[in-house]
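Structure file coords.cif (mmCIF, C-alpha atoms and all ligand atoms) follows.
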```cif
data_coords
#
loop_
_atom_site.label_atom_id
_atom_site.label_comp_id
_atom_site.auth_asym_id
_atom_site.auth_seq_id
_atom_site.Cartn_x
_atom_site.Cartn_y
_atom_site.Cartn_z
CA MET A 1 0.00 0.00 0.00
CA THR A 2 1.36 3.42 -0.85
CA ARG A 3 2.09 5.53 2.19
CA ARG A 4 -0.37 8.37 2.66
CA ILE A 5 1.19 11.45 4.16
CA SER A 6 -1.16 13.92 5.82
CA LEU A 7 -0.45 17.64 6.02
CA THR A 8 0.27 17.26 9.76
CA GLN A 9 2.71 14.42 9.16
CA TYR A 10 4.38 16.29 6.32
CA LEU A 11 4.90 19.41 8.43
CA ILE A 12 6.25 17.46 11.42
CA GLU A 13 8.64 15.51 9.19
CA GLN A 14 9.86 18.73 7.57
CA GLN A 15 10.37 20.26 10.99
CA ARG A 16 12.36 17.23 12.20
CA GLN A 17 14.47 16.68 9.11
CA HIS A 18 15.24 20.21 8.01
CA GLY A 19 14.24 22.33 10.98
CA HIS A 20 12.93 25.04 8.68
CA ILE A 21 9.35 25.02 9.88
CA PRO A 22 9.26 26.48 13.38
CA GLN A 23 6.56 25.14 15.68
CA GLU A 24 4.48 28.33 15.52
CA LEU A 25 4.55 28.36 11.73
CA ARG A 26 3.48 24.73 11.62
CA LEU A 27 0.53 25.49 13.87
CA LEU A 28 -0.35 28.50 11.72
CA ILE A 29 -0.37 26.45 8.49
CA GLU A 30 -2.49 23.74 10.11
CA VAL A 31 -4.98 26.28 11.37
CA VAL A 32 -5.25 27.92 7.94
CA ALA A 33 -5.77 24.47 6.40
CA ARG A 34 -8.52 23.72 8.93
CA ALA A 35 -10.21 27.02 8.12
CA CYS A 36 -10.03 26.15 4.41
CA LYS A 37 -11.80 22.84 5.14
CA ARG A 38 -14.61 24.78 6.79
CA ILE A 39 -14.81 27.19 3.86
CA ALA A 40 -14.87 24.21 1.47
CA ILE A 41 -17.90 22.85 3.32
CA SER A 42 -19.78 26.14 2.88
CA VAL A 43 -18.75 26.37 -0.77
CA ASN A 44 -19.96 22.83 -1.42
CA LYS A 45 -23.36 23.49 0.14
CA GLY A 46 -24.04 26.26 -2.37
CA ALA A 47 -27.71 27.16 -2.62
CA LEU A 48 -28.58 24.56 0.06
CA GLY A 49 -26.49 26.47 2.59
CA GLU A 50 -27.89 29.82 1.51
CA VAL A 51 -24.35 31.03 0.86
CA LEU A 52 -24.81 32.27 -2.71
CA GLY A 53 -25.48 35.85 -3.79
CA THR A 54 -24.41 39.24 -2.53
CA ALA A 55 -24.22 40.37 1.07
CA GLY A 56 -25.46 43.88 0.28
CA SER A 57 -22.21 45.58 1.36
CA GLU A 58 -18.98 46.85 -0.25
CA ASN A 59 -15.38 46.27 0.80
CA VAL A 60 -12.73 49.00 1.16
CA GLN A 61 -11.94 48.70 -2.56
CA GLY A 62 -15.51 49.49 -3.56
CA GLU A 63 -16.28 45.93 -4.65
CA VAL A 64 -19.65 44.38 -3.86
CA GLN A 65 -19.15 41.69 -1.22
CA LYS A 66 -20.63 38.26 -1.75
CA LYS A 67 -21.96 36.28 1.21
CA LEU A 68 -19.09 33.84 0.84
CA ASP A 69 -16.49 36.66 0.88
CA ILE A 70 -17.70 37.54 4.36
CA ILE A 71 -18.20 33.97 5.58
CA ALA A 72 -14.68 32.98 4.47
CA ASN A 73 -13.19 36.07 6.10
CA GLU A 74 -14.92 35.30 9.41
CA VAL A 75 -13.91 31.65 9.34
CA LEU A 76 -10.24 32.58 8.83
CA ILE A 77 -10.26 35.14 11.63
CA GLU A 78 -12.08 32.92 14.12
CA ALA A 79 -9.79 29.98 13.41
CA ASN A 80 -6.58 32.00 13.71
CA GLU A 81 -7.09 34.55 16.47
CA TRP A 82 -6.77 32.36 19.57
CA GLY A 83 -3.86 29.99 18.81
CA GLY A 84 -1.05 32.29 20.01
CA HIS A 85 0.85 32.08 16.71
CA LEU A 86 -0.23 35.44 15.27
CA ALA A 87 0.22 39.10 16.10
CA ALA A 88 -2.27 40.37 13.49
CA MET A 89 -4.12 39.61 10.27
CA ALA A 90 -5.02 41.60 7.16
CA SER A 91 -7.57 40.74 4.50
CA GLU A 92 -9.02 41.93 1.22
CA GLU A 93 -12.34 42.23 3.06
CA MET A 94 -11.15 44.45 5.94
CA GLU A 95 -9.98 48.04 5.66
CA GLY A 96 -7.38 47.97 8.42
CA ILE A 97 -5.38 45.26 10.13
CA TYR A 98 -7.01 42.93 12.68
CA VAL A 99 -4.85 42.81 15.80
CA VAL A 100 -5.20 39.64 17.87
CA PRO A 101 -7.40 40.63 20.84
CA ASN A 102 -5.76 41.07 24.25
CA ARG A 103 -7.54 38.06 25.71
CA PHE A 104 -5.40 35.80 23.52
CA PRO A 105 -1.61 35.40 23.52
CA GLN A 106 0.20 37.23 20.71
CA GLY A 107 2.62 35.43 18.42
CA GLU A 108 5.31 36.58 15.99
CA TYR A 109 3.58 36.00 12.68
CA LEU A 110 1.43 38.18 10.44
CA LEU A 111 -1.18 36.53 8.22
CA MET A 112 -2.68 38.08 5.10
CA PHE A 113 -5.41 36.58 2.99
CA ASP A 114 -7.79 36.91 0.11
CA PRO A 115 -10.49 34.86 1.86
CA LEU A 116 -12.45 34.13 -1.30
CA ASP A 117 -10.71 34.60 -4.64
CA GLY A 118 -12.80 34.53 -7.79
CA SER A 119 -15.98 35.96 -6.26
CA SER A 120 -17.61 36.37 -9.68
CA ASN A 121 -17.51 32.57 -10.02
CA ILE A 122 -19.24 31.64 -6.74
CA ASP A 123 -22.79 31.71 -8.04
CA VAL A 124 -21.95 29.96 -11.31
CA ASN A 125 -20.28 26.95 -9.66
CA VAL A 126 -16.81 27.52 -11.09
CA SER A 127 -13.59 26.98 -9.07
CA ILE A 128 -12.77 29.59 -6.42
CA GLY A 129 -10.23 29.66 -3.62
CA THR A 130 -8.47 31.18 -0.62
CA ILE A 131 -5.01 32.75 -0.94
CA PHE A 132 -2.70 33.38 2.04
CA SER A 133 0.66 34.91 2.79
CA VAL A 134 2.67 34.73 6.03
CA LEU A 135 5.25 37.26 7.22
CA LYS A 136 7.20 37.55 10.43
CA LYS A 137 6.65 40.65 12.53
CA PRO A 138 9.80 42.83 12.28
CA GLU A 139 12.23 42.19 15.15
CA GLY A 140 12.09 44.53 18.09
CA SER A 141 8.79 46.22 17.27
CA ALA A 142 6.57 46.48 20.32
CA GLY A 143 2.89 45.91 19.56
CA VAL A 144 1.87 45.62 15.94
CA CYS A 145 0.82 48.15 13.31
CA GLU A 146 0.04 48.32 9.61
CA ALA A 147 3.64 49.31 8.75
CA ASP A 148 4.80 45.91 10.06
CA PHE A 149 2.97 44.29 7.13
CA LEU A 150 4.67 46.42 4.47
CA GLN A 151 7.51 44.03 3.70
CA PRO A 152 8.61 42.91 0.24
CA GLY A 153 7.31 39.49 -0.81
CA HIS A 154 10.73 37.80 -0.70
CA GLN A 155 10.42 38.00 3.10
CA GLN A 156 7.36 35.74 3.18
CA ALA A 157 7.81 32.82 5.60
CA ALA A 158 5.11 30.81 3.83
CA ALA A 159 2.43 31.23 1.20
CA GLY A 160 -0.25 29.14 -0.37
CA TYR A 161 -3.78 28.76 -1.55
CA CYS A 162 -6.65 26.35 -1.37
CA VAL A 163 -8.71 25.85 -4.51
CA TYR A 164 -12.32 24.74 -4.13
CA GLY A 165 -12.89 22.97 -7.43
CA PRO A 166 -13.80 19.43 -8.49
CA GLN A 167 -11.19 18.60 -5.83
CA THR A 168 -10.22 20.74 -2.85
CA THR A 169 -6.47 21.20 -3.12
CA LEU A 170 -4.09 22.98 -0.77
CA VAL A 171 -0.86 24.24 -2.31
CA LEU A 172 1.96 25.39 -0.06
CA THR A 173 5.48 26.76 0.04
CA VAL A 174 7.68 27.52 3.02
CA GLY A 175 10.53 28.54 0.73
CA ASP A 176 11.71 25.02 -0.05
CA GLY A 177 9.75 24.11 -3.18
CA VAL A 178 6.01 23.68 -3.65
CA VAL A 179 3.82 20.82 -2.43
CA MET A 180 0.18 19.97 -3.10
CA PHE A 181 -2.33 18.24 -0.81
CA THR A 182 -5.77 16.95 -1.79
CA LEU A 183 -8.62 16.94 0.72
CA ASP A 184 -9.80 13.43 1.51
CA ARG A 185 -13.41 14.16 2.44
CA GLU A 186 -14.02 10.81 4.17
CA GLN A 187 -10.97 11.21 6.40
CA GLY A 188 -11.31 14.97 6.68
CA SER A 189 -7.60 15.47 6.11
CA PHE A 190 -5.32 16.92 3.46
CA VAL A 191 -3.14 14.21 1.88
CA LEU A 192 0.14 14.91 0.08
CA THR A 193 -0.49 14.27 -3.62
CA GLU A 194 2.36 16.15 -5.33
CA ASP A 195 5.76 17.14 -4.06
CA GLU A 196 8.40 19.02 -6.03
CA VAL A 197 5.89 20.88 -8.18
CA LYS A 198 7.70 22.28 -11.25
CA ILE A 199 6.46 24.70 -13.91
CA PRO A 200 7.86 23.95 -17.39
CA GLU A 201 10.00 26.84 -18.67
CA ASP A 202 8.20 26.97 -22.01
CA THR A 203 4.50 26.95 -22.74
CA LYS A 204 1.90 27.36 -25.48
CA GLU A 205 -0.86 28.49 -23.14
CA PHE A 206 -1.68 32.00 -21.94
CA ALA A 207 -4.32 33.43 -19.60
CA ILE A 208 -5.52 37.01 -19.90
CA ASN A 209 -8.89 38.76 -20.02
CA MET A 210 -8.90 39.44 -23.79
CA SER A 211 -11.90 41.74 -23.56
CA ASN A 212 -9.56 44.41 -22.14
CA MET A 213 -7.23 44.28 -25.14
CA ARG A 214 -8.11 47.73 -26.44
CA HIS A 215 -7.07 49.22 -23.08
CA TRP A 216 -3.61 47.57 -22.84
CA ASP A 217 -0.35 49.35 -23.55
CA ALA A 218 1.74 48.56 -26.65
CA PRO A 219 4.14 45.88 -25.25
CA MET A 220 1.27 43.82 -23.81
CA LYS A 221 -0.60 44.04 -27.09
CA ARG A 222 2.53 43.09 -29.01
CA TYR A 223 3.03 39.93 -26.95
CA ILE A 224 -0.56 38.73 -27.35
CA ASP A 225 -0.66 39.66 -31.07
CA GLU A 226 2.42 37.50 -31.60
CA CYS A 227 0.83 34.58 -29.72
CA LEU A 228 -2.32 34.91 -31.84
CA GLU A 229 -0.31 34.80 -35.08
CA GLY A 230 0.37 31.13 -34.24
CA SER A 231 2.70 28.83 -36.13
CA THR A 232 3.05 31.12 -39.15
CA GLY A 233 4.02 34.15 -37.02
CA VAL A 234 7.22 35.16 -35.22
CA ARG A 235 6.62 32.72 -32.36
CA GLY A 236 6.41 29.78 -34.75
CA LYS A 237 3.86 27.89 -32.64
CA ASP A 238 0.11 27.82 -32.01
CA PHE A 239 -1.06 29.05 -28.61
CA ASN A 240 -4.06 28.07 -26.56
CA MET A 241 -5.97 30.44 -24.26
CA ARG A 242 -7.66 29.90 -20.86
CA TRP A 243 -9.24 32.50 -18.56
CA ILE A 244 -11.12 31.23 -15.53
CA ALA A 245 -11.41 34.64 -13.79
CA SER A 246 -10.35 33.04 -10.51
CA MET A 247 -6.65 33.69 -10.07
CA VAL A 248 -6.35 30.61 -7.84
CA ALA A 249 -7.71 28.34 -10.55
CA ASP A 250 -5.58 29.93 -13.30
CA VAL A 251 -2.44 29.68 -11.14
CA HIS A 252 -3.31 26.11 -10.19
CA ARG A 253 -3.42 25.16 -13.87
CA ILE A 254 -0.05 26.85 -14.41
CA LEU A 255 1.52 25.00 -11.47
CA THR A 256 0.10 21.79 -12.89
CA ARG A 257 0.97 22.06 -16.59
CA GLY A 258 2.64 25.42 -17.22
CA GLY A 259 1.39 28.57 -18.89
CA VAL A 260 1.49 32.30 -18.34
CA PHE A 261 -1.03 34.43 -16.44
CA MET A 262 -1.35 38.19 -16.98
CA TYR A 263 -3.40 40.93 -15.39
CA PRO A 264 -1.61 44.04 -16.64
CA TRP A 265 -2.14 47.72 -15.99
CA ASP A 266 -4.62 49.16 -18.48
CA LYS A 267 -6.04 52.50 -19.54
CA ARG A 268 -9.48 52.03 -17.97
CA GLU A 269 -8.18 53.32 -14.64
CA PRO A 270 -4.71 54.64 -15.43
CA ASN A 271 -3.97 55.61 -11.84
CA LYS A 272 -4.34 52.02 -10.66
CA ALA A 273 -1.21 49.90 -11.09
CA GLY A 274 -3.42 46.92 -11.92
CA LYS A 275 -6.47 45.05 -10.66
CA LEU A 276 -4.86 42.50 -8.40
CA ARG A 277 -3.58 43.23 -4.92
CA LEU A 278 0.11 42.93 -4.10
CA MET A 279 0.02 41.74 -0.50
CA TYR A 280 -2.52 38.93 -0.57
CA GLU A 281 -2.80 37.95 -4.25
CA ALA A 282 0.39 38.76 -6.20
CA ASN A 283 3.02 38.14 -3.49
CA PRO A 284 1.86 34.69 -2.35
CA MET A 285 1.32 33.55 -5.95
CA ALA A 286 4.71 34.95 -7.03
CA PHE A 287 6.39 33.10 -4.14
CA LEU A 288 4.73 29.80 -5.15
CA VAL A 289 5.50 30.28 -8.84
CA GLU A 290 9.18 31.11 -8.22
CA GLN A 291 9.49 28.18 -5.83
CA ALA A 292 8.20 25.96 -8.65
CA GLY A 293 10.83 27.29 -11.07
CA GLY A 294 8.67 29.93 -12.75
CA ALA A 295 8.93 33.72 -12.71
CA ALA A 296 6.70 36.63 -11.69
CA THR A 297 7.01 40.32 -12.55
CA ASN A 298 4.89 43.46 -12.59
CA THR A 299 5.85 43.63 -16.32
CA ARG A 300 9.14 45.33 -15.38
CA GLN A 301 10.39 44.22 -11.96
CA ARG A 302 10.33 41.03 -9.92
CA ILE A 303 7.13 41.12 -7.84
CA LEU A 304 8.86 39.71 -4.74
CA ASP A 305 11.24 42.70 -4.68
CA LEU A 306 8.54 45.38 -4.67
CA GLN A 307 8.39 47.47 -1.50
CA PRO A 308 4.69 47.81 -0.61
CA SER A 309 3.48 51.22 0.51
CA GLN A 310 -0.03 50.25 1.57
CA LEU A 311 -2.02 47.20 2.59
CA HIS A 312 -4.41 47.17 -0.35
CA GLU A 313 -1.89 48.26 -2.98
CA ARG A 314 -2.55 47.03 -6.51
CA VAL A 315 -0.04 45.72 -8.99
CA SER A 316 0.30 44.46 -12.57
CA VAL A 317 0.92 40.75 -12.67
CA VAL A 318 2.73 38.50 -15.15
CA LEU A 319 3.58 35.05 -13.83
CA GLY A 320 4.19 31.47 -14.87
CA SER A 321 6.53 29.69 -17.28
CA LYS A 322 9.88 31.42 -17.02
CA ASN A 323 10.73 32.01 -20.67
CA GLU A 324 7.35 33.62 -21.46
CA VAL A 325 7.46 35.86 -18.37
CA GLU A 326 10.98 36.97 -19.33
CA GLN A 327 9.89 37.74 -22.89
CA ILE A 328 6.88 39.82 -21.78
CA THR A 329 9.05 41.66 -19.26
CA ARG A 330 11.70 42.33 -21.92
CA TYR A 331 9.07 43.80 -24.30
CA HIS A 332 7.98 46.21 -21.54
CA LEU A 333 11.52 47.20 -20.56
CA GLU A 334 12.49 47.80 -24.21
CA ALA A 335 9.40 49.94 -24.78
CA GLY A 336 10.17 51.95 -21.65
CA LYS A 337 13.62 52.92 -22.84
P1 LIG B 1 -11.52 38.64 -6.04
O1 LIG B 1 -12.66 37.74 -6.32
O2 LIG B 1 -10.74 38.25 -4.82
O3 LIG B 1 -11.87 40.11 -6.04
O4 LIG B 1 -10.43 38.44 -7.20
C1 LIG B 1 -10.82 38.36 -8.53
C2 LIG B 1 -9.62 38.58 -9.39
C3 LIG B 1 -8.87 37.33 -9.78
O5 LIG B 1 -9.17 36.18 -9.08
C4 LIG B 1 -9.18 37.13 -11.24
O6 LIG B 1 -8.06 36.68 -11.92
C5 LIG B 1 -9.62 38.49 -11.71
O7 LIG B 1 -10.07 39.19 -10.58
C6 LIG B 1 -10.72 38.41 -12.73
O8 LIG B 1 -10.95 39.67 -13.22
P2 LIG B 1 -11.93 39.97 -14.46
O9 LIG B 1 -13.30 39.74 -13.94
O10 LIG B 1 -11.61 41.41 -14.78
O11 LIG B 1 -11.55 39.04 -15.57
MN MN B 2 -8.81 37.72 -5.41
MN MN B 3 -11.46 37.97 -2.79
#
```
Would you mind giving the structure from this file in structure tokens?
Amino acid sequence: MTRRISLTQYLIEQQRQHGHIPQELRLLIEVVARACKRIAISVNKGALGEVLGTAGSENVQGEVQKKLDIIANEVLIEANEWGGHLAAMASEEMEGIYVVPNRFPQGEYLLMFDPLDGSSNIDVNVSIGTIFSVLKKPEGSAGVCEADFLQPGHQQAAAGYCVYGPQTTLVLTVGDGVVMFTLDREQGSFVLTEDEVKIPEDTKEFAINMSNMRHWDAPMKRYIDECLEGSTGVRGKDFNMRWIASMVADVHRILTRGGVFMYPWDKREPNKAGKLRLMYEANPMAFLVEQAGGAATNTRQRILDLQPSQLHERVSVVLGSKNEVEQITRYHLEAGK
């Protein structure tokens, strides 16, 4: 019989063998995973659980909140606030940071999350997910404040996501490669189903919302035009396109079989750097993608090197198979000269 390794077992073995998962971080990851199981249950109930539709409120970014956005946010906070591993949390669905209440012990870690990614897909029964990023509170700072969160992504201690699709899959990095776990519903535990996840350097598959094409800048348009020319054009190969509109699901496909994902700046709202958020969407995904041998830029610079200036900062995103990401980035840098 093949040996089944649960998330708990995996984390304990990693801690013993390599010592790179401190006890508090292990607890944190397990608690996030447990929260994701609870969110998965709500997601699966759908209309039967009365979790579909809008909540009638807006978040700090002016987006209409869905019931599941709020449920997932509450589940993550409730699960994480009492364990003693965290100092504070930040979320797409909350304007400011959530400091662990005084009645609980405070830990050294900071947790950021997009509780429900792909909100437009909830009601249509298409894959959605939860994205999370873990930082360590800067040394020597008493208490905790928003500025403590504003660290570049290369300082993440861990990052991951859980995709609620045909399977519920948890994907994780602690800076030593990428591993995938699949939820065994009968056992109620995440089981290791893929270690050493690797993204092929080349691909014939891209993901972008093509309906925004007329708003892109010239280098982005050039790249996609060349892909669309296919085997008779400069790229000399036919491309395929996928756009799920849930970043988790698009990134999951890329971690599974390669590809490139783009959500670039565009002229619709020129003052916004992009649609996606740096701290709890781009940074954790960039960390995972790099750890799987891919690359991630904001069309010009490595995402993980960007110094954030605010919690809900937006960013352009290009990530996935290394050679494509480098080509897109080169087109932008050349055009900027
Ligand atoms: P969220 O549901 O957390 O607001 O994120 C949605 C994001 C991302 O998951 C996806 O790639 C993108 O928005 C889809 O945007 P379009 O609807 O513009 O295609
Ligand atoms: Mn999102
Ligand atoms: Mn969201």
Just the number, please: distance in Å from CA of Pro22 (chain A) to CA of Ala282 (chain A), one decimal.
24.8 Å
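If you count only C-alpha atoms and ignore residues fewer than 4 places along the chain from Lys221 (chain A), what sits within 12 Å of it is Ile208, Met210, Asn212, Met213, Arg214, His215, Trp216, Asp217, Asp225, Glu226, Cys227, Leu228, Met262, Pro264, Trp265, Asp266, Ile328, Tyr331, His332 and Ala335 of chain A.
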Please write out the residues within 7 Å of ligand MN 2 (chain B) as a PyMOL selection string, counting all atoms listed in the file.
chain A and resi 114+116-118+247+276+281
So which one's closest to ligand LIG 1 (chain B), A:Pro138, A:Pro115, A:Gly177, A:Gly336? Using all atoms listed in the file, please.
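That would be A:Pro115, the residue with the smallest distance to ligand LIG 1 (chain B).
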Kindly work out which residues sit at most 10 Å from ligand LIG 1 (chain B), using only C-alpha atoms and all ligand atoms, and give the list as number ranges by chain.
A: 59, 61, 63-66, 69, 92-93, 113-122, 128-131, 207-212, 243-251, 261-263, 275-277, 280-281, 317
Between CA of Gly258 (chain A) and CA of Asp195 (chain A), what is the distance in Å, rounded to a tenth?
15.9 Å
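Reported to one decimal place, the separation of CA of Val99 (chain A) from CA of Cys145 (chain A) is 8.2 Å.
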Output, as lines of an AutoDock Vina configuration file, the centre and edge lengths in Å (one decimal) of the axis-aligned box that contains all listed atoms of region 230-239 of chain A with 8 Å of margin on each side.
```
center_x = 3.1
center_y = 31.5
center_z = -33.9
size_x = 24.3
size_y = 23.3
size_z = 26.5
```
Provide region 106-127 of chain A rebuilt to N, CA, C and O atoms, formatted as a PDB file, in the coordinates of the input.
```pdb
ATOM      1  N   GLN A 106      -0.239  36.749  22.035  1.00  0.00           N
ATOM      2  CA  GLN A 106       0.200  37.230  20.710  1.00  0.00           C
ATOM      3  C   GLN A 106       1.442  36.494  20.262  1.00  0.00           C
ATOM      4  O   GLN A 106       2.363  36.299  21.049  1.00  0.00           O
ATOM      5  N   GLY A 107       1.455  36.104  18.984  1.00  0.00           N
ATOM      6  CA  GLY A 107       2.620  35.430  18.420  1.00  0.00           C
ATOM      7  C   GLY A 107       3.430  36.377  17.546  1.00  0.00           C
ATOM      8  O   GLY A 107       3.212  37.588  17.543  1.00  0.00           O
ATOM      9  N   GLU A 108       4.357  35.780  16.779  1.00  0.00           N
ATOM     10  CA  GLU A 108       5.310  36.580  15.990  1.00  0.00           C
ATOM     11  C   GLU A 108       4.900  36.725  14.531  1.00  0.00           C
ATOM     12  O   GLU A 108       5.533  37.470  13.781  1.00  0.00           O
ATOM     13  N   TYR A 109       3.877  36.004  14.106  1.00  0.00           N
ATOM     14  CA  TYR A 109       3.580  36.000  12.680  1.00  0.00           C
ATOM     15  C   TYR A 109       2.443  36.944  12.297  1.00  0.00           C
ATOM     16  O   TYR A 109       1.590  37.304  13.125  1.00  0.00           O
ATOM     17  N   LEU A 110       2.480  37.345  11.026  1.00  0.00           N
ATOM     18  CA  LEU A 110       1.430  38.180  10.440  1.00  0.00           C
ATOM     19  C   LEU A 110       0.818  37.367   9.302  1.00  0.00           C
ATOM     20  O   LEU A 110       1.553  36.775   8.500  1.00  0.00           O
ATOM     21  N   LEU A 111      -0.504  37.324   9.256  1.00  0.00           N
ATOM     22  CA  LEU A 111      -1.180  36.530   8.220  1.00  0.00           C
ATOM     23  C   LEU A 111      -2.023  37.457   7.346  1.00  0.00           C
ATOM     24  O   LEU A 111      -2.766  38.289   7.859  1.00  0.00           O
ATOM     25  N   MET A 112      -1.858  37.323   6.046  1.00  0.00           N
ATOM     26  CA  MET A 112      -2.680  38.080   5.100  1.00  0.00           C
ATOM     27  C   MET A 112      -3.453  37.122   4.207  1.00  0.00           C
ATOM     28  O   MET A 112      -2.898  36.082   3.838  1.00  0.00           O
ATOM     29  N   PHE A 113      -4.678  37.488   3.870  1.00  0.00           N
ATOM     30  CA  PHE A 113      -5.410  36.580   2.990  1.00  0.00           C
ATOM     31  C   PHE A 113      -6.413  37.297   2.090  1.00  0.00           C
ATOM     32  O   PHE A 113      -6.913  38.379   2.398  1.00  0.00           O
ATOM     33  N   ASP A 114      -6.631  36.639   0.963  1.00  0.00           N
ATOM     34  CA  ASP A 114      -7.790  36.910   0.110  1.00  0.00           C
ATOM     35  C   ASP A 114      -8.728  35.753   0.450  1.00  0.00           C
ATOM     36  O   ASP A 114      -8.528  34.628  -0.017  1.00  0.00           O
ATOM     37  N   PRO A 115      -9.718  35.988   1.330  1.00  0.00           N
ATOM     38  CA  PRO A 115     -10.490  34.860   1.860  1.00  0.00           C
ATOM     39  C   PRO A 115     -11.213  34.069   0.771  1.00  0.00           C
ATOM     40  O   PRO A 115     -11.307  32.847   0.833  1.00  0.00           O
ATOM     41  N   LEU A 116     -11.716  34.789  -0.227  1.00  0.00           N
ATOM     42  CA  LEU A 116     -12.450  34.130  -1.300  1.00  0.00           C
ATOM     43  C   LEU A 116     -12.001  34.775  -2.614  1.00  0.00           C
ATOM     44  O   LEU A 116     -12.361  35.911  -2.891  1.00  0.00           O
ATOM     45  N   ASP A 117     -11.184  34.073  -3.354  1.00  0.00           N
ATOM     46  CA  ASP A 117     -10.710  34.600  -4.640  1.00  0.00           C
ATOM     47  C   ASP A 117     -11.579  34.040  -5.755  1.00  0.00           C
ATOM     48  O   ASP A 117     -11.886  32.854  -5.771  1.00  0.00           O
ATOM     49  N   GLY A 118     -11.957  34.941  -6.672  1.00  0.00           N
ATOM     50  CA  GLY A 118     -12.800  34.530  -7.790  1.00  0.00           C
ATOM     51  C   GLY A 118     -14.269  34.695  -7.482  1.00  0.00           C
ATOM     52  O   GLY A 118     -15.114  33.893  -7.928  1.00  0.00           O
ATOM     53  N   SER A 119     -14.595  35.768  -6.728  1.00  0.00           N
ATOM     54  CA  SER A 119     -15.980  35.960  -6.260  1.00  0.00           C
ATOM     55  C   SER A 119     -17.021  35.907  -7.383  1.00  0.00           C
ATOM     56  O   SER A 119     -18.148  35.472  -7.145  1.00  0.00           O
ATOM     57  N   SER A 120     -16.626  36.348  -8.585  1.00  0.00           N
ATOM     58  CA  SER A 120     -17.610  36.370  -9.680  1.00  0.00           C
ATOM     59  C   SER A 120     -17.995  34.952 -10.103  1.00  0.00           C
ATOM     60  O   SER A 120     -18.951  34.754 -10.851  1.00  0.00           O
ATOM     61  N   ASN A 121     -17.240  33.962  -9.631  1.00  0.00           N
ATOM     62  CA  ASN A 121     -17.510  32.570 -10.020  1.00  0.00           C
ATOM     63  C   ASN A 121     -18.310  31.776  -8.981  1.00  0.00           C
ATOM     64  O   ASN A 121     -18.692  30.626  -9.239  1.00  0.00           O
ATOM     65  N   ILE A 122     -18.563  32.386  -7.808  1.00  0.00           N
ATOM     66  CA  ILE A 122     -19.240  31.640  -6.740  1.00  0.00           C
ATOM     67  C   ILE A 122     -20.591  31.123  -7.224  1.00  0.00           C
ATOM     68  O   ILE A 122     -20.889  29.935  -7.150  1.00  0.00           O
ATOM     69  N   ASP A 123     -21.397  32.053  -7.729  1.00  0.00           N
ATOM     70  CA  ASP A 123     -22.790  31.710  -8.040  1.00  0.00           C
ATOM     71  C   ASP A 123     -22.933  30.841  -9.292  1.00  0.00           C
ATOM     72  O   ASP A 123     -24.000  30.280  -9.528  1.00  0.00           O
ATOM     73  N   VAL A 124     -21.855  30.749 -10.078  1.00  0.00           N
ATOM     74  CA  VAL A 124     -21.950  29.960 -11.310  1.00  0.00           C
ATOM     75  C   VAL A 124     -21.222  28.613 -11.183  1.00  0.00           C
ATOM     76  O   VAL A 124     -20.999  27.918 -12.173  1.00  0.00           O
ATOM     77  N   ASN A 125     -20.832  28.275  -9.926  1.00  0.00           N
ATOM     78  CA  ASN A 125     -20.280  26.950  -9.660  1.00  0.00           C
ATOM     79  C   ASN A 125     -18.991  26.671 -10.429  1.00  0.00           C
ATOM     80  O   ASN A 125     -18.805  25.594 -10.992  1.00  0.00           O
ATOM     81  N   VAL A 126     -18.128  27.680 -10.470  1.00  0.00           N
ATOM     82  CA  VAL A 126     -16.810  27.520 -11.090  1.00  0.00           C
ATOM     83  C   VAL A 126     -15.770  27.651  -9.958  1.00  0.00           C
ATOM     84  O   VAL A 126     -16.020  28.333  -8.954  1.00  0.00           O
ATOM     85  N   SER A 127     -14.597  27.015 -10.138  1.00  0.00           N
ATOM     86  CA  SER A 127     -13.590  26.980  -9.070  1.00  0.00           C
ATOM     87  C   SER A 127     -13.270  28.354  -8.489  1.00  0.00           C
ATOM     88  O   SER A 127     -13.110  29.332  -9.216  1.00  0.00           O
TER      89      SER A 127
END
```
